[in-house]
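Some notes on the structure that comes next.
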Amino acid sequence: MSAYTTKSISFQIIKRTFPGIALLITTLQLPAQKKPNVIYILTDQWRSTAFGFAGNQQVKTPNIDSFAKQAVVFKNCVSVCPICTPYRAALMTGRYPTSTGMFMNDLYLPEKEECMAEIFKKAGYSTAYYGKWHLDGHGRFNNVEPDRRQGFDYWKASECSHDYNRMLFYENDDPNVKYWNQYSPFAIEEDAEKYLESVSRNKNPFLVFLSFATPHFSTDQAPAIYQEMYPAEKLELPKNVAIDNFPSLRKELQHYYAHCTATDEAIGRLMKKIKALGLFDSSIIIFTSDHGEMMGSHGVRPREKQVAWDEAVKVPFLIRFPGIGLNEGKQTSTPVTTPDILPTMLALAHIRIPSSIEGNNISAAVKNPTKETMRAVLFMSVYPTAQTQFSEYRGIKTNRYTYVKTPKEAIMLFDNVSDPYEMDNLIDNPQYEGLKGKMDRLLKQQLRRIGDDHFRNSRFYLEKFGFHDIVERGGVIPYSEERGKIVQVYTPKKEVITK
């Protein structure tokens, strides 16, 4: 009898007699598993309904539709503050805009905030960032200097540009501006393939973040072949659009859908490469957007997003993770808001969640999507700069209802199951007083949790974070579109978490 056979028989005896010891022996014999890679795909201004998998029969998104069949789809993901910089700050920190002070575009995210890439780096990850950043506040066309990149080491990105056919970027330590040589989603995707080829051979896991700026600011920039897919005169509009308000709306929608389909093509190429490199099953892969797009719904002009309707607030959120198994293609109505994403990523990667993070770890809902979690998630507008009828607001979304208040009064109550276009506001309907009271209590609970119990008007938050002169400067942060020129850097002065 061989020594191996003797060991096998001995182990079987131990397994039957002392199962706990056998489990310990088995665990010690297993090789240490590599942490999952993380591939985060962020788009800009992509509303949750502009996909085939979401039921839209006009827009063509075959690659993301295919990914939806291989991922878990969250049908009620909201942007915590539907505008670029506040969303990105909340995503990177796992904290709310009223806590960080990052509630306007073109602010500088404080260096002392502990951010996504810094946390993953401490856990042994290589980190890389591509595309639009919009957290630097030092001028939209200026270099985001290496010490201001919040933990991302490999860098081919820019602060903020929507010139998709000649998009600038800065590369790693090179201070000289460069330009992508083709439509930016295609160029970024091609370069990301090379990065993935390189890091896939390394021992350490990696976090790569691809931030596409499309389909935001869409007119006339999508490749012609994609524009031709959507003849403007044939496009149908949702029932909550008043077409008379915007005679050029279908033209806007034509270009918007063209960008959606072109970006979908770039993402399809990326997924193909991920699979070819054997990374698809060993990675956490997320596809989402920073906020939506009104595109004429409820009488709000195209390109707008700071309002509280679903067209602006709801975003796609698709996530695939190692061991997804039978959960491929499952959909869940469990709500999620932006600060929840980082702690959930960390939990799925088996990384300790820092105490500074305010969002909730919803990895249980990711792993078990058919068991819906009854929860309310928060979204807000702290300092609106858009010309709409909305003042500042706070809102919550459950798996069925939306409830919104301004500092003066409650203004919205929608049943999103029976009224997906939010055309029947129940806020003044006496039959729903009980529901209104319940939703108000849920909202107060969420606000109390982040220290925003009785939210004030916008001026209060400007003063709180040291933005005393914003109103005098016209109500928005001045930014430069000339390289080398910085008007003034605004960064929150209070409520900063030390690393």
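Ordering of the structure tokens sets the chain letters (A, B, ...), residue numbers begin anew at 1 in every chain, and ligands are numbered from 1 in the order given.
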Query - Surrounding residues of range 91-93 of chain A excluding itself and chain neighbours under 3 positions, 7 Å, only C-alpha atoms, as a PyMOL selection string - result: chain A and resi 87-88+113-116+338-339+341-342+357
Those same residues - N, CA and C atoms - I'd like them written as a CSV table (one decimal), in the first residue's frame.
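Below is the file part.csv, written as the result:
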```csv
chain,number,residue,atom,x,y,z
A,87,TYR,N,-22.0,62.8,-7.8
A,87,TYR,CA,-22.1,61.3,-7.9
A,87,TYR,C,-20.7,60.7,-7.7
A,88,ARG,N,-19.8,61.2,-8.4
A,88,ARG,CA,-18.4,60.6,-8.5
A,88,ARG,C,-17.8,60.7,-7.1
A,113,GLU,N,-10.0,62.7,2.1
A,113,GLU,CA,-11.0,61.7,2.0
A,113,GLU,C,-10.4,60.4,1.6
A,114,GLU,N,-10.8,59.3,2.3
A,114,GLU,CA,-10.3,58.0,1.9
A,114,GLU,C,-11.1,57.5,0.8
A,115,CYS,N,-10.5,57.1,-0.4
A,115,CYS,CA,-11.2,56.8,-1.6
A,115,CYS,C,-11.0,55.4,-2.1
A,116,MET,N,-11.8,55.0,-3.0
A,116,MET,CA,-11.9,53.7,-3.6
A,116,MET,C,-10.5,53.1,-3.9
A,338,THR,N,-25.9,55.5,-4.5
A,338,THR,CA,-24.5,55.5,-4.8
A,338,THR,C,-23.6,55.2,-3.7
A,339,PRO,N,-23.7,55.7,-2.4
A,339,PRO,CA,-22.8,55.4,-1.4
A,339,PRO,C,-22.8,53.9,-1.0
A,341,ILE,N,-22.4,51.5,-3.1
A,341,ILE,CA,-21.7,50.7,-4.1
A,341,ILE,C,-20.3,50.3,-3.6
A,342,LEU,N,-19.5,51.3,-3.0
A,342,LEU,CA,-18.2,51.0,-2.6
A,342,LEU,C,-18.1,50.0,-1.5
A,357,ILE,N,-17.1,55.1,5.9
A,357,ILE,CA,-18.1,54.9,4.8
A,357,ILE,C,-19.5,54.9,5.4
```
Query raised in the report: So which bits of range 157-356 of chain A end up strand (DSSP E or B) when you DSSP the backbone, as JSON, numbers by chain?
Result: {"A": [157, 158, 168, 169, 170, 171, 178, 179, 206, 207, 208, 209, 210, 211, 212, 213, 214, 215, 241, 283, 284, 285, 286, 287, 288, 289, 297, 314, 315, 316, 317, 318, 319, 320, 331, 332, 336, 337]}
Report task. Could you tell me, as a PyMOL selection string, which residues of range 197-388 of chain A DSSP assigns to alpha helix (DSSP H) when given the backbone? Result -> chain A and resi 197-199+224-227+249-276+310-313+341-348+363-367
Query raised in the report: Of the candidates A:Pro205, A:Val199, A:Lys275, A:Asp220, which shows the shortest atom-to-atom distance to Asn165 in chain A, using only C-alpha atoms?
Result: A:Asp220
Residue neighbourhood range 456-467 of chain A, 9 Å, only C-alpha atoms, exclusion window fewer than 4 positions, as an mmCIF file with all heavy atoms, in the first residue's frame:
```cif
data_model
loop_
_atom_site.group_PDB
_atom_site.id
_atom_site.type_symbol
_atom_site.label_atom_id
_atom_site.label_comp_id
_atom_site.auth_asym_id
_atom_site.auth_seq_id
_atom_site.Cartn_x
_atom_site.Cartn_y
_atom_site.Cartn_z
ATOM 1 N N THR A 98 -23.890 65.658 1.618
ATOM 2 C CA THR A 98 -24.021 66.550 2.769
ATOM 3 C C THR A 98 -22.944 66.294 3.818
ATOM 4 O O THR A 98 -22.752 67.103 4.726
ATOM 5 C CB THR A 98 -25.408 66.389 3.410
ATOM 6 O OG1 THR A 98 -25.689 64.987 3.583
ATOM 7 C CG2 THR A 98 -26.483 67.026 2.545
ATOM 8 N N THR A 100 -19.610 65.139 2.766
ATOM 9 C CA THR A 100 -18.330 65.518 2.155
ATOM 10 C C THR A 100 -18.301 66.970 1.715
ATOM 11 O O THR A 100 -17.224 67.546 1.534
ATOM 12 C CB THR A 100 -18.045 64.643 0.919
ATOM 13 O OG1 THR A 100 -19.072 64.870 -0.059
ATOM 14 C CG2 THR A 100 -17.995 63.167 1.288
ATOM 15 N N GLY A 101 -19.474 67.575 1.491
ATOM 16 C CA GLY A 101 -19.528 68.914 0.904
ATOM 17 C C GLY A 101 -19.423 68.902 -0.604
ATOM 18 O O GLY A 101 -19.418 69.957 -1.247
ATOM 19 N N VAL A 382 -28.727 69.189 -3.241
ATOM 20 C CA VAL A 382 -28.360 70.088 -2.151
ATOM 21 C C VAL A 382 -28.312 71.535 -2.624
ATOM 22 O O VAL A 382 -28.763 72.452 -1.935
ATOM 23 C CB VAL A 382 -26.999 69.675 -1.559
ATOM 24 C CG1 VAL A 382 -26.598 70.609 -0.412
ATOM 25 C CG2 VAL A 382 -27.046 68.230 -1.078
ATOM 26 N N TYR A 383 -27.775 71.723 -3.816
ATOM 27 C CA TYR A 383 -27.619 73.074 -4.356
ATOM 28 C C TYR A 383 -27.878 73.020 -5.858
ATOM 29 O O TYR A 383 -26.960 72.903 -6.664
ATOM 30 C CB TYR A 383 -26.216 73.608 -4.066
ATOM 31 C CG TYR A 383 -25.993 75.022 -4.572
ATOM 32 C CD1 TYR A 383 -26.573 76.105 -3.940
ATOM 33 C CD2 TYR A 383 -25.189 75.249 -5.684
ATOM 34 C CE1 TYR A 383 -26.370 77.389 -4.414
ATOM 35 C CE2 TYR A 383 -24.973 76.537 -6.163
ATOM 36 C CZ TYR A 383 -25.573 77.603 -5.523
ATOM 37 O OH TYR A 383 -25.379 78.880 -5.989
ATOM 38 N N PRO A 384 -29.138 73.063 -6.270
ATOM 39 C CA PRO A 384 -29.449 72.939 -7.701
ATOM 40 C C PRO A 384 -29.014 74.173 -8.482
ATOM 41 O O PRO A 384 -29.245 75.309 -8.050
ATOM 42 C CB PRO A 384 -30.966 72.779 -7.719
ATOM 43 C CG PRO A 384 -31.439 73.434 -6.464
ATOM 44 C CD PRO A 384 -30.354 73.215 -5.453
ATOM 45 N N SER A 391 -36.544 73.253 -6.329
ATOM 46 C CA SER A 391 -35.552 73.798 -5.409
ATOM 47 C C SER A 391 -34.750 72.606 -4.878
ATOM 48 O O SER A 391 -34.849 71.490 -5.394
ATOM 49 C CB SER A 391 -36.251 74.529 -4.261
ATOM 50 O OG SER A 391 -36.959 73.610 -3.447
ATOM 51 N N GLU A 392 -33.953 72.830 -3.840
ATOM 52 C CA GLU A 392 -33.267 71.713 -3.222
ATOM 53 C C GLU A 392 -34.297 70.709 -2.695
ATOM 54 O O GLU A 392 -35.412 71.074 -2.328
ATOM 55 C CB GLU A 392 -32.364 72.193 -2.095
ATOM 56 C CG GLU A 392 -33.068 73.042 -1.031
ATOM 57 C CD GLU A 392 -33.039 74.517 -1.368
ATOM 58 O OE1 GLU A 392 -33.371 74.868 -2.518
ATOM 59 O OE2 GLU A 392 -32.693 75.325 -0.480
ATOM 60 N N THR A 406 -39.133 69.129 -0.295
ATOM 61 C CA THR A 406 -38.279 70.313 -0.268
ATOM 62 C C THR A 406 -38.214 70.783 1.189
ATOM 63 O O THR A 406 -38.898 70.227 2.051
ATOM 64 C CB THR A 406 -38.860 71.431 -1.140
ATOM 65 O OG1 THR A 406 -40.060 71.931 -0.524
ATOM 66 C CG2 THR A 406 -39.177 70.930 -2.543
ATOM 67 N N PRO A 407 -37.434 71.809 1.515
ATOM 68 C CA PRO A 407 -37.436 72.305 2.898
ATOM 69 C C PRO A 407 -38.815 72.784 3.362
ATOM 70 O O PRO A 407 -39.079 72.816 4.568
ATOM 71 C CB PRO A 407 -36.440 73.469 2.846
ATOM 72 C CG PRO A 407 -35.499 73.100 1.749
ATOM 73 C CD PRO A 407 -36.360 72.448 0.709
ATOM 74 N N ASP A 452 -28.431 64.827 8.721
ATOM 75 C CA ASP A 452 -29.093 65.851 7.899
ATOM 76 C C ASP A 452 -30.576 65.908 8.254
ATOM 77 O O ASP A 452 -31.432 66.074 7.399
ATOM 78 C CB ASP A 452 -28.902 65.492 6.416
ATOM 79 C CG ASP A 452 -29.265 66.627 5.471
ATOM 80 O OD1 ASP A 452 -29.097 67.798 5.859
ATOM 81 O OD2 ASP A 452 -29.728 66.344 4.353
ATOM 82 N N VAL A 471 -22.620 82.385 -4.358
ATOM 83 C CA VAL A 471 -23.809 83.110 -4.811
ATOM 84 C C VAL A 471 -23.416 84.426 -5.464
ATOM 85 O O VAL A 471 -23.928 84.800 -6.522
ATOM 86 C CB VAL A 471 -24.778 83.358 -3.639
ATOM 87 C CG1 VAL A 471 -25.943 84.230 -4.084
ATOM 88 C CG2 VAL A 471 -25.294 82.027 -3.091
ATOM 89 N N TYR A 490 -12.095 75.398 -5.423
ATOM 90 C CA TYR A 490 -13.016 75.289 -4.301
ATOM 91 C C TYR A 490 -12.993 73.860 -3.780
ATOM 92 O O TYR A 490 -13.234 72.908 -4.525
ATOM 93 C CB TYR A 490 -14.447 75.633 -4.724
ATOM 94 C CG TYR A 490 -14.695 77.096 -4.952
ATOM 95 C CD1 TYR A 490 -14.378 77.690 -6.175
ATOM 96 C CD2 TYR A 490 -15.249 77.896 -3.953
ATOM 97 C CE1 TYR A 490 -14.622 79.043 -6.395
ATOM 98 C CE2 TYR A 490 -15.484 79.246 -4.159
ATOM 99 C CZ TYR A 490 -15.165 79.811 -5.385
ATOM 100 O OH TYR A 490 -15.411 81.150 -5.593
ATOM 101 N N THR A 491 -12.715 73.712 -2.482
ATOM 102 C CA THR A 491 -12.764 72.393 -1.861
ATOM 103 C C THR A 491 -13.442 72.545 -0.505
ATOM 104 O O THR A 491 -13.275 73.567 0.171
ATOM 105 C CB THR A 491 -11.355 71.791 -1.702
ATOM 106 O OG1 THR A 491 -11.458 70.417 -1.354
ATOM 107 C CG2 THR A 491 -10.529 72.534 -0.672
ATOM 108 N N PRO A 492 -14.263 71.580 -0.109
ATOM 109 C CA PRO A 492 -14.965 71.699 1.175
ATOM 110 C C PRO A 492 -13.989 71.893 2.330
ATOM 111 O O PRO A 492 -12.962 71.202 2.421
ATOM 112 C CB PRO A 492 -15.717 70.365 1.280
ATOM 113 C CG PRO A 492 -15.917 69.925 -0.132
ATOM 114 C CD PRO A 492 -14.684 70.369 -0.853
ATOM 115 N N LYS A 493 -14.314 72.819 3.211
ATOM 116 C CA LYS A 493 -13.412 73.179 4.309
ATOM 117 C C LYS A 493 -13.718 72.456 5.612
ATOM 118 O O LYS A 493 -12.942 72.520 6.547
ATOM 119 C CB LYS A 493 -13.491 74.689 4.556
ATOM 120 C CG LYS A 493 -13.091 75.525 3.364
ATOM 121 C CD LYS A 493 -11.640 75.304 2.973
ATOM 122 C CE LYS A 493 -11.160 76.352 1.978
ATOM 123 N NZ LYS A 493 -11.861 76.300 0.694
ATOM 124 N N LYS A 494 -14.872 71.791 5.705
ATOM 125 C CA LYS A 494 -15.262 71.156 6.959
ATOM 126 C C LYS A 494 -15.708 69.733 6.680
ATOM 127 O O LYS A 494 -15.825 69.303 5.539
ATOM 128 C CB LYS A 494 -16.408 71.927 7.621
ATOM 129 C CG LYS A 494 -16.067 73.367 7.982
ATOM 130 C CD LYS A 494 -17.259 74.058 8.616
ATOM 131 C CE LYS A 494 -16.937 75.506 8.956
ATOM 132 N NZ LYS A 494 -18.095 76.194 9.542
ATOM 133 N N GLU A 495 -15.992 69.030 7.762
ATOM 134 C CA GLU A 495 -16.551 67.683 7.685
ATOM 135 C C GLU A 495 -15.655 66.722 6.910
ATOM 136 O O GLU A 495 -16.130 65.837 6.217
ATOM 137 C CB GLU A 495 -17.947 67.715 7.049
ATOM 138 C CG GLU A 495 -18.947 68.605 7.750
ATOM 139 C CD GLU A 495 -19.328 68.056 9.111
ATOM 140 O OE1 GLU A 495 -19.522 66.843 9.208
ATOM 141 O OE2 GLU A 495 -19.422 68.842 10.052
#
```
Requested in this report: Give the answer as one residue: which of A:Ile319, A:Ile64, A:Leu346, A:Leu270 has the shortest atom-to-atom distance to Tyr125 in chain A, using only C-alpha atoms?
Outcome: A:Leu346
Report task. Find the residues around Asn360 in chain A up to 12 Å (only C-alpha atoms counted), leave out those fewer than 3 positions away in its own chain, and share them as an MDAnalysis selection string. Result -> chainID A and resid 94:96 335:347 353:357 363:365 375:378 446 449:450
Can you spit out the residues from that selection as a compact mmCIF listing (two decimals), in the first residue's frame, using C-alpha atoms?
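The file below, result-v6.txt, is the result:
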```txt
# COMPACT_ATOMS: atom_id res chain seq x y z
CA GLY A 94 -19.01 55.84 0.01
CA ARG A 95 -20.25 59.03 1.70
CA TYR A 96 -23.13 61.42 1.13
CA PRO A 335 -33.04 49.63 -4.06
CA VAL A 336 -29.44 50.84 -4.08
CA THR A 337 -27.97 54.34 -3.88
CA THR A 338 -24.49 55.54 -4.82
CA PRO A 339 -22.77 55.39 -1.39
CA ASP A 340 -23.82 51.71 -1.13
CA ILE A 341 -21.65 50.71 -4.10
CA LEU A 342 -18.17 51.01 -2.58
CA PRO A 343 -18.88 49.03 0.62
CA THR A 344 -20.59 46.36 -1.48
CA MET A 345 -17.55 46.11 -3.76
CA LEU A 346 -15.28 45.82 -0.74
CA ALA A 347 -17.41 43.09 0.81
CA ILE A 353 -14.94 48.34 5.04
CA PRO A 354 -13.55 51.55 6.60
CA SER A 355 -15.62 53.12 9.36
CA SER A 356 -15.74 56.42 7.46
CA ILE A 357 -18.06 54.89 4.82
CA SER A 363 -23.63 42.23 -1.03
CA ALA A 364 -26.27 39.89 0.41
CA ALA A 365 -28.75 41.27 -2.14
CA ARG A 375 -35.23 49.15 2.31
CA ALA A 376 -35.40 52.86 1.50
CA VAL A 377 -32.49 54.61 -0.20
CA LEU A 378 -31.71 58.29 -0.23
CA GLN A 446 -32.32 58.13 6.46
CA ARG A 449 -28.50 58.55 9.98
CA ILE A 450 -26.23 60.97 8.07
```
Requested in this report: For Glu482 in chain A, list every protein, DNA or RNA residue within 12 Å, evaluated using only C-alpha atoms, and leave out those in the same chain fewer than 4 positions away; present the list as number ranges by chain.
Outcome: A: 138-143, 161, 486-487
Generate a file of the selected residues that holds C-alpha atoms, formatted as a compact mmCIF listing (two decimals), in the first residue's frame.
```
# COMPACT_ATOMS: atom_id res chain seq x y z
CA HIS A 138 -8.29 72.79 -11.06
CA GLY A 139 -9.69 73.62 -14.49
CA ARG A 140 -11.47 71.22 -16.80
CA PHE A 141 -8.66 71.01 -19.35
CA ASN A 142 -5.75 70.92 -16.90
CA ASN A 143 -3.79 67.89 -15.77
CA SER A 161 -14.15 66.91 -21.76
CA ILE A 486 -7.09 78.14 -12.94
CA VAL A 487 -9.83 80.53 -11.86
```
Query - Pairwise distance for CA of Glu145 in chain A and CA of Tyr195 in chain A, rounded to one decimal in Å - result: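 Those two atoms sit 20.7 Å apart.
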**Report entry** Spatial neighbours of Glu328 in chain A, max dist 10 Å, only C-alpha atoms, sep filter under 6 positions, as an MDAnalysis selection string
**Finding:** chainID A and resid 67:73 319:321 369
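In terms of minimum interatomic distance to Gly484 in chain A, A:Asn176 ranks closest within A:Asn240, A:Gln221, A:Asn176, A:Asn368, counting only C-alpha atoms.
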**Report entry** All residues 12 Å or closer to range 435-439 of chain A, only C-alpha atoms, same chain fewer than 2 positions away omitted, as a PyMOL selection string
**Finding:** chain A and resi 375-378+394-398+400-405+409-415+425-433+441-446
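The nearest approach to Val59 in chain A among the residues A:Asp147, A:Asp264, A:Asp174, A:Asp106, with only C-alpha atoms taken into account, belongs to A:Asp264.
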Query raised in the report: With only C-alpha atoms as the basis for distance, which of A:Ile39, A:Tyr164, A:Pro175, A:Lys251 is at the shortest distance from Leu279 in chain A?
Result: A:Ile39
